[in-house]
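Student: If you scroll down you'll find the structure; I have some questions about it.
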Amino acid sequence: MKSKFTPAIIVHGGGGRIRAEELPQRLDGCKDAALAGWGIIQQGGSALDAAEAAVIMLEDNPLFNAGTGSTLNSLGQVEMDAAVMEGETLRAGAVAAVQGIKNPIKLARRVMEDGRHLFYAAEGALLFARAIGFAQCDPEALIVETERARWQEKHGTVGCVALDLEGKIAVATSTGGIFNKLPGRVGDSPLIGCGTYANDCGGVSCTGQGEAIIRIVMAKTALDLLKERAEPQAAAHQAIALLAQKTGGAAGLIIIDRQGKVGHARNTERMPVSFILSDGQVHLDS
Ligand code: ASP
């Protein structure tokens with residue numbers, strides 16, 4: 001399809017601790033997710049559908065801390081946060097501290113489409129899910145043995161930013177949160193402007209220490225920097241430098257601008273990333 005926009009997609013698999021031997025599989029997971037979203041964009045689908053599809057793949061992949069395979073809280077339970085946002089319209093939907101939802105990103109999208117409210121938490125999110133006929137699952141079904149056994153390590157969130165052939169940008173972020181969090185703790189991922197943000201300049205998805213990311217409203221801060229500096233890679237680095245300087249925290253982010261340029265930066269040890277630019281080549285980084 002001929003388009004005046006240069007599409008792009010970038011996916012991250014989280015900034016949490018990953019053992020070196022786990023990295024290739026995580027990169028493969030990110031690559032598959034980026035390709036799934038890219039396929040949708042290539043067929044003329046929306047950035048929103050692409051970002052959601054990429055994140056669903058990562059939620060269903062037990063290696064990542066989102067959906068199935070989420071990290072456990074201090075009670076040994078899975079409680080997940082997720083958000084989606086569309087840059088052109090500033091429409092967004094988010095859920096926090098939800099249990100028994102196989103794909104929280106799908107529920108976040110339904111919140112956005114429903115439009116009555118933007119953000120539901122805990123039991124209220126489940127009441128909303130029931131009211132719209134959204135399937136729930138056994139909360140235990142999302143716990144994988146490695147997580148139960150490990151229950152002492154954290155590993156990151158997943159996220160995707162996509163730019164489609166119509167020049168629309170969308171972001172999706174989903175997480176099990178941080179390891180051993182207290183019940184009811186909500187991180188940056190579902191907070192619009194903190195872990196997830198899109199506007200008509202670009203889109204950002206973050207990972208890392210939510211408590212630090214929230215304090216500098218990192219996703220929106222990165223987009224403000226993008227507006228000033230016009231280079232996604234520079235904006236990504238500057239946002240992470242600001243986070244380190246102001247909070248001493250560790251995090252990573254991915255970013256796309258309206259021209260289809262991508263950037264990613266982190267001060268965590270690793271952050272598996274996969275991105276695809278207009279030439280269709282898949283790039284991997286960590
Ligand atoms: N940012 C997520 C949170 O604080 C965790 C992560 O990215 O690993 O909930």
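Letters A, B, ... mark the chains of the structure tokens in the order given; residue numbers begin at 1 per chain; ligand numbers begin at 1, in order shown.
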Using only C-alpha atoms and all ligand atoms, find each protein or nucleic acid residue lying at most 7 Å from ligand 1; present the set as number ranges by chain.

Tutor: A: 14-16, 154-157, 175-178, 186-189, 195, 206-211

Student: Skip Val217 in chain A itself and residues of its chain fewer than 6 positions away, then list as a ChimeraX atom specification all residues within 10 Å of it, counting only C-alpha atoms.

Tutor: /A:188,191-197,239,243

Student: Store the residues picked out above, limited to N, CA, C and O atoms, as a PDB file, in the first residue's frame.

Tutor:
ATOM      1  N   ASP A 188       3.729   2.234  37.144  1.00  0.00           N
ATOM      2  CA  ASP A 188       3.641   3.277  36.117  1.00  0.00           C
ATOM      3  C   ASP A 188       2.862   2.853  34.879  1.00  0.00           C
ATOM      4  O   ASP A 188       2.282   3.694  34.183  1.00  0.00           O
ATOM      5  N   LEU A 191      -0.610   4.056  34.176  1.00  0.00           N
ATOM      6  CA  LEU A 191      -0.817   5.493  34.432  1.00  0.00           C
ATOM      7  C   LEU A 191      -0.450   6.273  33.177  1.00  0.00           C
ATOM      8  O   LEU A 191       0.717   6.292  32.750  1.00  0.00           O
ATOM      9  N   ILE A 192      -1.465   6.919  32.616  1.00  0.00           N
ATOM     10  CA  ILE A 192      -1.276   7.648  31.365  1.00  0.00           C
ATOM     11  C   ILE A 192      -0.301   8.802  31.613  1.00  0.00           C
ATOM     12  O   ILE A 192      -0.486   9.588  32.538  1.00  0.00           O
ATOM     13  N   GLY A 193       0.754   8.856  30.799  1.00  0.00           N
ATOM     14  CA  GLY A 193       1.790   9.881  30.966  1.00  0.00           C
ATOM     15  C   GLY A 193       3.015   9.326  31.683  1.00  0.00           C
ATOM     16  O   GLY A 193       4.111   9.822  31.503  1.00  0.00           O
ATOM     17  N   CYS A 194       2.824   8.284  32.494  1.00  0.00           N
ATOM     18  CA  CYS A 194       3.952   7.734  33.266  1.00  0.00           C
ATOM     19  C   CYS A 194       4.597   6.575  32.493  1.00  0.00           C
ATOM     20  O   CYS A 194       5.696   6.724  31.962  1.00  0.00           O
ATOM     21  N   GLY A 195       3.899   5.419  32.419  1.00  0.00           N
ATOM     22  CA  GLY A 195       4.462   4.278  31.694  1.00  0.00           C
ATOM     23  C   GLY A 195       3.987   4.193  30.262  1.00  0.00           C
ATOM     24  O   GLY A 195       4.542   3.427  29.465  1.00  0.00           O
ATOM     25  N   THR A 196       2.963   4.944  29.937  1.00  0.00           N
ATOM     26  CA  THR A 196       2.313   4.836  28.625  1.00  0.00           C
ATOM     27  C   THR A 196       1.849   6.218  28.187  1.00  0.00           C
ATOM     28  O   THR A 196       1.151   6.885  28.952  1.00  0.00           O
ATOM     29  N   TYR A 197       2.241   6.657  26.987  1.00  0.00           N
ATOM     30  CA  TYR A 197       1.689   7.911  26.469  1.00  0.00           C
ATOM     31  C   TYR A 197       1.852   7.979  24.957  1.00  0.00           C
ATOM     32  O   TYR A 197       2.841   7.491  24.403  1.00  0.00           O
ATOM     33  N   ALA A 239      15.554  11.349  28.710  1.00  0.00           N
ATOM     34  CA  ALA A 239      14.530  10.995  29.711  1.00  0.00           C
ATOM     35  C   ALA A 239      15.112  10.042  30.753  1.00  0.00           C
ATOM     36  O   ALA A 239      14.860  10.181  31.951  1.00  0.00           O
ATOM     37  N   LEU A 243      15.650  10.662  34.753  1.00  0.00           N
ATOM     38  CA  LEU A 243      15.161   9.724  35.777  1.00  0.00           C
ATOM     39  C   LEU A 243      16.266   9.378  36.759  1.00  0.00           C
ATOM     40  O   LEU A 243      16.065   9.413  37.982  1.00  0.00           O
TER      41      LEU A 243
END

Student: Would you mind telling me which residue in A:Ala141, A:Val95, A:Ala241, A:Ala265 lies nearest to Leu127 in chain A when using only C-alpha atoms?

Tutor: A:Val95

Student: Residues within 8 Å of Gly87 in chain A, please, as a PDB file with N, CA, C and O atoms, in the first residue's frame. Count only C-alpha atoms; anything in the same chain fewer than 5 positions from it doesn't count.

Tutor:
ATOM      1  N   LYS A 168      -0.914   7.202  12.162  1.00  0.00           N
ATOM      2  CA  LYS A 168      -1.437   7.171  13.538  1.00  0.00           C
ATOM      3  C   LYS A 168      -0.499   6.381  14.426  1.00  0.00           C
ATOM      4  O   LYS A 168       0.054   5.346  14.014  1.00  0.00           O
ATOM      5  N   ILE A 169      -0.380   6.840  15.655  1.00  0.00           N
ATOM      6  CA  ILE A 169       0.527   6.201  16.619  1.00  0.00           C
ATOM      7  C   ILE A 169      -0.304   5.607  17.742  1.00  0.00           C
ATOM      8  O   ILE A 169      -1.283   6.215  18.184  1.00  0.00           O
ATOM      9  N   ALA A 170       0.095   4.422  18.215  1.00  0.00           N
ATOM     10  CA  ALA A 170      -0.569   3.838  19.384  1.00  0.00           C
ATOM     11  C   ALA A 170       0.457   3.144  20.260  1.00  0.00           C
ATOM     12  O   ALA A 170       1.505   2.701  19.780  1.00  0.00           O
ATOM     13  N   TYR A 197       2.241   6.657  26.987  1.00  0.00           N
ATOM     14  CA  TYR A 197       1.689   7.911  26.469  1.00  0.00           C
ATOM     15  C   TYR A 197       1.852   7.979  24.957  1.00  0.00           C
ATOM     16  O   TYR A 197       2.841   7.491  24.403  1.00  0.00           O
ATOM     17  N   ALA A 198       0.861   8.578  24.317  1.00  0.00           N
ATOM     18  CA  ALA A 198       0.949   8.846  22.867  1.00  0.00           C
ATOM     19  C   ALA A 198       0.261  10.165  22.594  1.00  0.00           C
ATOM     20  O   ALA A 198      -0.758  10.481  23.217  1.00  0.00           O
ATOM     21  N   ASN A 199       0.816  10.934  21.682  1.00  0.00           N
ATOM     22  CA  ASN A 199       0.127  12.152  21.213  1.00  0.00           C
ATOM     23  C   ASN A 199       0.447  12.311  19.730  1.00  0.00           C
ATOM     24  O   ASN A 199       0.869  11.336  19.088  1.00  0.00           O
ATOM     25  N   ASP A 200       0.260  13.491  19.183  1.00  0.00           N
ATOM     26  CA  ASP A 200       0.501  13.611  17.736  1.00  0.00           C
ATOM     27  C   ASP A 200       1.980  13.767  17.383  1.00  0.00           C
ATOM     28  O   ASP A 200       2.332  13.836  16.205  1.00  0.00           O
ATOM     29  N   CYS A 201       2.865  13.789  18.392  1.00  0.00           N
ATOM     30  CA  CYS A 201       4.316  13.824  18.111  1.00  0.00           C
ATOM     31  C   CYS A 201       4.917  12.426  18.126  1.00  0.00           C
ATOM     32  O   CYS A 201       5.900  12.148  17.437  1.00  0.00           O
ATOM     33  N   GLY A 202       4.372  11.546  18.969  1.00  0.00           N
ATOM     34  CA  GLY A 202       4.982  10.224  19.096  1.00  0.00           C
ATOM     35  C   GLY A 202       4.304   9.400  20.162  1.00  0.00           C
ATOM     36  O   GLY A 202       3.251   9.771  20.689  1.00  0.00           O
ATOM     37  N   GLY A 203       4.936   8.258  20.481  1.00  0.00           N
ATOM     38  CA  GLY A 203       4.398   7.367  21.511  1.00  0.00           C
ATOM     39  C   GLY A 203       5.540   6.759  22.296  1.00  0.00           C
ATOM     40  O   GLY A 203       6.646   6.568  21.764  1.00  0.00           O
TER      41      GLY A 203
END

Student: Please list as number ranges by chain every residue within 8 Å of Asn73 in chain A, counting only C-alpha atoms and excluding residues in the same chain fewer than 4 positions away.

Tutor: A: 77-79, 178-183

Student: I'd like the contact shell of Ala83 in chain A - 7 Å cut-off, only C-alpha atoms, skipping same-chain residues fewer than 3 positions apart - returned as a PyMOL selection string.

Tutor: chain A and resi 93-95+105+108+172-174+189-190+196

Student: Keeping only C-alpha atoms, write the selected residues to a file as a tab-separated table (two decimals), in the first residue's frame.

Tutor:
chain	number	residue	atom	x	y	z
A	93	GLY	CA	-7.94	2.90	28.50
A	94	ALA	CA	-6.30	1.32	31.52
A	95	VAL	CA	-6.79	-1.34	34.17
A	105	ILE	CA	-4.30	-5.31	27.39
A	108	ALA	CA	-7.71	-1.96	28.70
A	172	ALA	CA	0.23	-0.64	24.59
A	173	THR	CA	1.92	-1.59	27.88
A	174	SER	CA	1.17	-4.58	30.11
A	189	SER	CA	2.41	1.06	33.27
A	190	PRO	CA	-1.34	1.85	33.44
A	196	THR	CA	2.31	4.84	28.63

Student: Residues near range 270-279 of chain A, anyone? I mean within 10 Å using only C-alpha atoms, not counting same-chain ones fewer than 6 positions away, as a ChimeraX atom specification.

Tutor: /A:5-20,23-35,37-38,42,155-163,207-208,251-254,260-264,285-286
